[in-house]
Amino acid sequence: MKLATWNVNSLRVRLPHLADWLARVQPDIVCLQELKTEDAKFPRAELQAAGYRVAFLGQKTYNGVAILSRSALEDVSTGVPGFTDEQKRVIACTTAGMRVICVYCPNGQAVGSEKYAYKLRWFAALKEYVGAELSRHPSLAVAGDFNVAPEDRDVHDPKAWEGQVHVSGPERAAWRALLGLGFKDTFRLFEQPEKIYSWWDYRMLAFRRNAGLRIDQILASPALAQHCTACTVDKEPRKLERPSDHAPVIAVFS
DNA sequence: ATGGCTACGATCCGTAGA
């Protein structure tokens, strides 16, 4: 069973890459972020033709999340209950015997900015939400673009990034608070090569230099993590013409 | 040198991403 997450940075632009990738990798469940697409323009027919049921929460220009699954999607919920937010960042469903929460966490722009404060508020609300969900759904995955590089080894140049947004202490503490609920970062359940990242700036030849951050993660509840047999980043789509700036992350469960 | 790309929705530049 393969569960993947991918920030596609415009679903309409990336649909050919996504379709090719689905055919090649054959994931069972896919969490998508940054659709940048209104629901009316969601490419439902194309994804159904590829063999997936779909649940999505979109908006014009910004944000937008979706879950694709080869199995039925049940009990779809959107947003974080009790956290009023115009930004479409969270969708959840039950599928293939597990609960899946797809998240597009806020960028935060710059430490100290209003968007940074929003990011921290948002993470606090997410923690309450996933904690409550965990008690109801022992087999729970939280997958997406967290916009946090949890440790220095997730950063190509920790010195240059020190104290910056995505790596600041409060952001990392907010991310670690999710692990405090019992979740595992599936990528770190396994021995990994060094310098594995999931995002590279479009500028400065960052991908060629592997100047990236590992900000996309698949978190698994204790019961689910026991069944995780692998977690990898698939860099292949990042090598294509007009790529997303993020690469997919794939976790395998027995 | 605080830029460098890319996507979007509005024009022929501004906002945002990370």
# chains A, B, ... in the order shown; residues from 1 in each chain; ligands from 1
$ interface_residues --of "chain B" --to "chain A" --cutoff "8 Å" --atoms "only C-alpha atoms (C1' of nucleotides)" --output "PyMOL selection string"
chain B and resi 4-9+17-18
$ write_last_selection --atoms "C-alpha atoms (C1' of nucleotides)" --output "PDB file, in the first residue's frame"
ATOM      1  C1'  DG B   4      17.728  35.113  -9.115  1.00  0.00           C
ATOM      2  C1'  DC B   5      11.893  31.449 -10.955  1.00  0.00           C
ATOM      3  C1'  DT B   6       7.055  30.205 -11.468  1.00  0.00           C
ATOM      4  C1'  DA B   7       1.916  30.657 -11.299  1.00  0.00           C
ATOM      5  C1'  DC B   8      -1.848  33.531 -11.086  1.00  0.00           C
ATOM      6  C1'  DG B   9      -4.927  37.180 -12.362  1.00  0.00           C
ATOM      7  C1'  DG B  17       5.416  31.047  -2.707  1.00  0.00           C
ATOM      8  C1'  DA B  18       9.696  28.958   0.394  1.00  0.00           C
TER       9       DA B  18
END
$ select_by_dssp --residues "segment 21-229 of chain A" --states "strand (DSSP E or B)" --output "MDAnalysis selection string"
chainID A and resid 29:33 53:57 65:69 74:78 90:95 98:104 140:145 155 184:185 199:200 212:213 216:220 228:229
$ atom_distance --atom1 "atom CA of Ala223 of chain A" --atom2 "atom CA of Pro138 of chain A"
6.1 Å
$ select_by_dssp --residues "segment 45-146 of chain A" --states "helix (DSSP H, G or I)" --output "number ranges by chain"
A: 45-49, 114-136
$ residues_around --residues "segment 99-102 of chain A" --least-positions-apart "3" --cutoff "10 Å" --atoms "only C-alpha atoms (C1' of nucleotides)" --output "ChimeraX atom specification"
/A:3,5,29-33,65-67,73-79,89-96,105,130,133-134,136-145,218-221,224
$ write_last_selection --atoms "N, CA and C atoms" --output "CSV table (one decimal), in the first residue's frame"
chain,number,residue,atom,x,y,z
A,3,LEU,N,1.2,5.3,0.0
A,3,LEU,CA,0.6,6.6,0.3
A,3,LEU,C,1.6,7.7,0.0
A,5,THR,N,2.4,12.0,-0.9
A,5,THR,CA,2.0,13.4,-0.8
A,5,THR,C,2.8,14.2,-1.8
A,29,ILE,N,-3.0,5.9,-2.4
A,29,ILE,CA,-3.6,7.1,-1.9
A,29,ILE,C,-2.6,8.3,-2.2
A,30,VAL,N,-3.1,9.4,-2.6
A,30,VAL,CA,-2.3,10.6,-2.9
A,30,VAL,C,-2.9,11.8,-2.3
A,31,CYS,N,-2.1,12.5,-1.5
A,31,CYS,CA,-2.5,13.8,-1.0
A,31,CYS,C,-1.8,14.9,-1.8
A,32,LEU,N,-2.6,15.8,-2.3
A,32,LEU,CA,-2.1,16.9,-3.2
A,32,LEU,C,-2.3,18.3,-2.5
A,33,GLN,N,-1.3,19.2,-2.7
A,33,GLN,CA,-1.5,20.5,-2.1
A,33,GLN,C,-1.2,21.6,-3.2
A,65,VAL,N,-6.4,21.7,-1.6
A,65,VAL,CA,-5.9,20.4,-1.3
A,65,VAL,C,-6.9,19.3,-1.8
A,66,ALA,N,-6.3,18.1,-2.0
A,66,ALA,CA,-7.1,17.0,-2.5
A,66,ALA,C,-6.6,15.7,-2.0
A,67,ILE,N,-7.4,14.7,-2.0
A,67,ILE,CA,-7.0,13.3,-1.7
A,67,ILE,C,-7.5,12.4,-2.9
A,73,LEU,N,-13.7,6.7,-0.9
A,73,LEU,CA,-13.4,7.8,0.1
A,73,LEU,C,-14.6,8.0,0.9
A,74,GLU,N,-14.5,7.8,2.2
A,74,GLU,CA,-15.6,8.0,3.1
A,74,GLU,C,-15.4,9.1,4.2
A,75,ASP,N,-16.5,9.6,4.7
A,75,ASP,CA,-16.4,10.6,5.8
A,75,ASP,C,-15.4,11.7,5.5
A,76,VAL,N,-15.6,12.3,4.3
A,76,VAL,CA,-14.7,13.5,4.0
A,76,VAL,C,-15.0,14.6,4.9
A,77,SER,N,-14.0,15.3,5.4
A,77,SER,CA,-14.2,16.5,6.1
A,77,SER,C,-13.2,17.5,5.7
A,78,THR,N,-13.5,18.8,5.8
A,78,THR,CA,-12.6,19.8,5.3
A,78,THR,C,-12.3,20.8,6.4
A,79,GLY,N,-11.1,21.4,6.3
A,79,GLY,CA,-10.7,22.4,7.3
A,79,GLY,C,-10.4,21.8,8.7
A,89,ARG,N,-6.8,24.6,3.2
A,89,ARG,CA,-5.6,23.9,3.5
A,89,ARG,C,-5.7,22.5,4.0
A,90,VAL,N,-6.9,22.1,4.4
A,90,VAL,CA,-7.0,20.7,5.0
A,90,VAL,C,-8.2,20.0,4.5
A,91,ILE,N,-8.0,18.7,4.1
A,91,ILE,CA,-9.0,17.8,3.8
A,91,ILE,C,-8.7,16.4,4.3
A,92,ALA,N,-9.7,15.7,4.8
A,92,ALA,CA,-9.5,14.4,5.4
A,92,ALA,C,-10.5,13.4,4.9
A,93,CYS,N,-10.2,12.2,5.0
A,93,CYS,CA,-11.2,11.1,4.6
A,93,CYS,C,-10.7,9.8,5.2
A,94,THR,N,-11.6,8.9,5.2
A,94,THR,CA,-11.3,7.5,5.5
A,94,THR,C,-11.2,6.7,4.2
A,95,THR,N,-10.1,6.0,4.0
A,95,THR,CA,-10.0,5.2,2.8
A,95,THR,C,-9.0,4.1,3.0
A,96,ALA,N,-9.2,3.0,2.4
A,96,ALA,CA,-8.2,1.9,2.4
A,96,ALA,C,-7.9,1.5,3.9
A,105,CYS,N,0.3,23.3,5.1
A,105,CYS,CA,0.5,24.3,6.2
A,105,CYS,C,1.0,25.6,5.7
A,130,VAL,N,-5.6,17.0,15.1
A,130,VAL,CA,-5.1,15.6,14.9
A,130,VAL,C,-5.0,14.8,16.2
A,133,GLU,N,-8.5,13.5,16.5
A,133,GLU,CA,-8.7,12.5,15.4
A,133,GLU,C,-8.0,11.2,15.8
A,134,LEU,N,-6.8,11.3,16.4
A,134,LEU,CA,-6.0,10.1,16.8
A,134,LEU,C,-6.8,9.2,17.7
A,136,ARG,N,-9.9,8.8,17.8
A,136,ARG,CA,-11.0,8.2,17.1
A,136,ARG,C,-10.6,7.2,16.0
A,137,HIS,N,-9.4,7.5,15.5
A,137,HIS,CA,-8.9,6.7,14.4
A,137,HIS,C,-7.4,6.3,14.7
A,138,PRO,N,-7.3,5.1,15.3
A,138,PRO,CA,-5.9,4.7,15.6
A,138,PRO,C,-5.0,4.6,14.4
A,139,SER,N,-5.5,4.2,13.3
A,139,SER,CA,-4.7,4.2,12.1
A,139,SER,C,-4.8,5.5,11.3
A,140,LEU,N,-3.9,6.4,11.5
A,140,LEU,CA,-4.1,7.8,11.0
A,140,LEU,C,-2.8,8.3,10.4
A,141,ALA,N,-2.9,8.8,9.2
A,141,ALA,CA,-1.8,9.5,8.5
A,141,ALA,C,-2.1,11.0,8.4
A,142,VAL,N,-1.1,11.8,8.6
A,142,VAL,CA,-1.1,13.2,8.4
A,142,VAL,C,0.0,13.5,7.4
A,143,ALA,N,-0.4,13.8,6.2
A,143,ALA,CA,0.5,13.9,5.1
A,143,ALA,C,0.4,15.3,4.4
A,144,GLY,N,1.5,15.8,4.0
A,144,GLY,CA,1.4,17.1,3.3
A,144,GLY,C,2.7,17.9,3.3
A,145,ASP,N,2.4,19.2,2.9
A,145,ASP,CA,3.5,20.2,2.9
A,145,ASP,C,3.4,20.9,4.2
A,218,ILE,N,5.2,12.7,5.7
A,218,ILE,CA,4.1,11.8,6.0
A,218,ILE,C,4.3,11.3,7.4
A,219,LEU,N,3.4,11.8,8.3
A,219,LEU,CA,3.4,11.4,9.7
A,219,LEU,C,2.4,10.2,9.8
A,220,ALA,N,2.8,9.3,10.6
A,220,ALA,CA,1.9,8.1,10.9
A,220,ALA,C,1.7,7.9,12.4
A,221,SER,N,0.5,7.6,12.7
A,221,SER,CA,0.1,7.3,14.1
A,221,SER,C,0.9,6.0,14.5
A,224,LEU,N,-0.2,2.8,12.8
A,224,LEU,CA,0.1,2.8,11.4
A,224,LEU,C,1.6,2.7,11.1
$ atom_distance --atom1 "atom CA of Leu181 of chain A" --atom2 "atom CA of Lys127 of chain A"
8.2 Å
$ residues_around --residues "Phe42 of chain A" --least-positions-apart "4" --cutoff "8 Å" --atoms "only C-alpha atoms (C1' of nucleotides)" --output "list in words"
Arg12, Thr37, Glu38 and Gly58 of chain A
$ decode --residues "segment 38-50 of chain A" --atoms "N, CA and C atoms" --output "mmCIF file, in the first residue's frame"
data_model
loop_
_atom_site.group_PDB
_atom_site.id
_atom_site.type_symbol
_atom_site.label_atom_id
_atom_site.label_comp_id
_atom_site.auth_asym_id
_atom_site.auth_seq_id
_atom_site.Cartn_x
_atom_site.Cartn_y
_atom_site.Cartn_z
ATOM 1 N N GLU A 38 -10.115 26.501 -8.629
ATOM 2 C CA GLU A 38 -11.483 26.438 -8.112
ATOM 3 C C GLU A 38 -12.036 25.028 -8.282
ATOM 4 N N ASP A 39 -12.981 24.667 -7.402
ATOM 5 C CA ASP A 39 -13.554 23.327 -7.471
ATOM 6 C C ASP A 39 -14.201 23.053 -8.831
ATOM 7 N N ALA A 40 -14.797 24.092 -9.412
ATOM 8 C CA ALA A 40 -15.480 23.901 -10.699
ATOM 9 C C ALA A 40 -14.504 23.501 -11.801
ATOM 10 N N LYS A 41 -13.222 23.825 -11.613
ATOM 11 C CA LYS A 41 -12.221 23.508 -12.641
ATOM 12 C C LYS A 41 -11.336 22.327 -12.240
ATOM 13 N N PHE A 42 -11.717 21.631 -11.172
ATOM 14 C CA PHE A 42 -10.932 20.468 -10.753
ATOM 15 C C PHE A 42 -11.025 19.376 -11.820
ATOM 16 N N PRO A 43 -9.886 18.779 -12.218
ATOM 17 C CA PRO A 43 -9.901 17.793 -13.317
ATOM 18 C C PRO A 43 -10.355 16.411 -12.851
ATOM 19 N N ARG A 44 -11.586 16.381 -12.414
ATOM 20 C CA ARG A 44 -12.159 15.154 -11.851
ATOM 21 C C ARG A 44 -12.154 14.006 -12.868
ATOM 22 N N ALA A 45 -12.604 14.292 -14.082
ATOM 23 C CA ALA A 45 -12.731 13.226 -15.087
ATOM 24 C C ALA A 45 -11.376 12.601 -15.408
ATOM 25 N N GLU A 46 -10.340 13.442 -15.535
ATOM 26 C CA GLU A 46 -9.010 12.935 -15.877
ATOM 27 C C GLU A 46 -8.473 12.020 -14.778
ATOM 28 N N LEU A 47 -8.702 12.406 -13.517
ATOM 29 C CA LEU A 47 -8.182 11.607 -12.406
ATOM 30 C C LEU A 47 -9.007 10.343 -12.207
ATOM 31 N N GLN A 48 -10.284 10.438 -12.455
ATOM 32 C CA GLN A 48 -11.117 9.233 -12.387
ATOM 33 C C GLN A 48 -10.715 8.258 -13.484
ATOM 34 N N ALA A 49 -10.397 8.797 -14.651
ATOM 35 C CA ALA A 49 -9.950 7.944 -15.763
ATOM 36 C C ALA A 49 -8.650 7.236 -15.411
ATOM 37 N N ALA A 50 -7.845 7.881 -14.549
ATOM 38 C CA ALA A 50 -6.586 7.269 -14.107
ATOM 39 C C ALA A 50 -6.809 6.224 -13.014
#
